[in-house]
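Here is the structure we will look at.
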Amino acid sequence: MVYFVPTGSMDFYLRNEANNNSRTVGTTKVNDGKWHHLVAMKAGDKVKMIVDGKEDGATAVTGKATYGKHDYPLVFMAHYFRYVEGFLDEVALFNKALSTKEITSIMKGLEAFLSVNGAGKLSIFWSQIKQQ
């Protein structure tokens with residue numbers, strides 16, 4: 001679970017089958033109106049969060065590292081009134097912990113290709129047509 005906290009940074013929790021939380025607390029402010037690249041992962045015996053290609057928190061995994069099937073494998077929601085104003089774009093899931101080099105490559109190599117610009121896209125035109 002990735003949470004937005006009132007200080008403007010992100011926290012990452014990983015809960016195992018025994019209901020133990022491993023938590024890393026970020027310090028990078030992401031509520032500055034700019035796009036940010038966020039990675040949250042379990043890497044070996046740590047949970048890590050990386051913001052804009054730089055490690056923003058790492059904590060040892062708590063308890064036995066066994067993970068099972070849960071009712072909510074991927075959920076985007078407010079939790080305890082912690083809302084994020086903004087957009088999630090190009091969400092990707094990997095079945096392994098990525099290296100710093102792989103994260104940087106994805107972040108920088110795909111940035112221009114995946115940049116968000118709605119002008120001229122079909123949904124914009126369809127919206128304009130429906131309004132007429």
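How things are named: the first chain in the structure tokens is A, the next is B, and so on; residues count from 1 in each chain; ligands count from 1 in the order shown.
Residues lying within 9 Å of A:Gly57, counting only C-alpha atoms and ignoring same-chain neighbours fewer than 4 positions away, are A:Asp11, A:Phe12, A:Thr24, A:Val25, A:Gly26, A:Thr27, A:Val47, A:Lys48, A:Met49, A:Ile50.
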Pick out the residues sitting within 9 Å of A:Lys96, and hand them over as an MDAnalysis selection string; count only C-alpha atoms, and ignore anything fewer than 6 positions along from it in its own chain. chainID A and resid 41:43
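Reported to one decimal place, the separation of atom CA of A:Thr59 from atom CA of A:Arg15 is 13.1 Å.
Nearest-residue note for A:Val91: choosing from A:Ile106, A:Val5, A:Leu14, A:Val30, the minimum distance belongs to A:Ile106, counting only C-alpha atoms.
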Computed interatomic separation between atom CA of A:Met10 and atom CA of A:Lys29 (Å): 7.9 Å
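A straight line drawn from atom CA of A:His36 to atom CA of A:Asp56 is 12.4 Å long.
Proximity to A:Gly53 was assessed for A:Ala92, A:Ser22, A:Met1, A:Thr104 counting only C-alpha atoms; the smallest distance is recorded for A:Thr104.
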Pick out the residues sitting within 7 Å of A:His37, and hand them over as a ChimeraX atom specification; count only C-alpha atoms, and ignore anything fewer than 5 positions along from it in its own chain. /A:51-52,107
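Using only C-alpha atoms, the shortest contact distance between A:Tyr13 and any of A:Lys54, A:Asp45, A:Asn31, A:Val61 is found at A:Val61.
Of the listed residues A:Asn19, A:Val2, A:Phe87, A:Glu55, the one whose atoms come nearest to A:Ser99 is A:Glu55, with distances taken using only C-alpha atoms.
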Using the chain letters and numbers from this document, which residues of stretch 6-60 of chain A does DSSP assign to strand (DSSP E or B), as a ChimeraX atom specification? /A:10-15,21-25,38-43,46-51,54-60
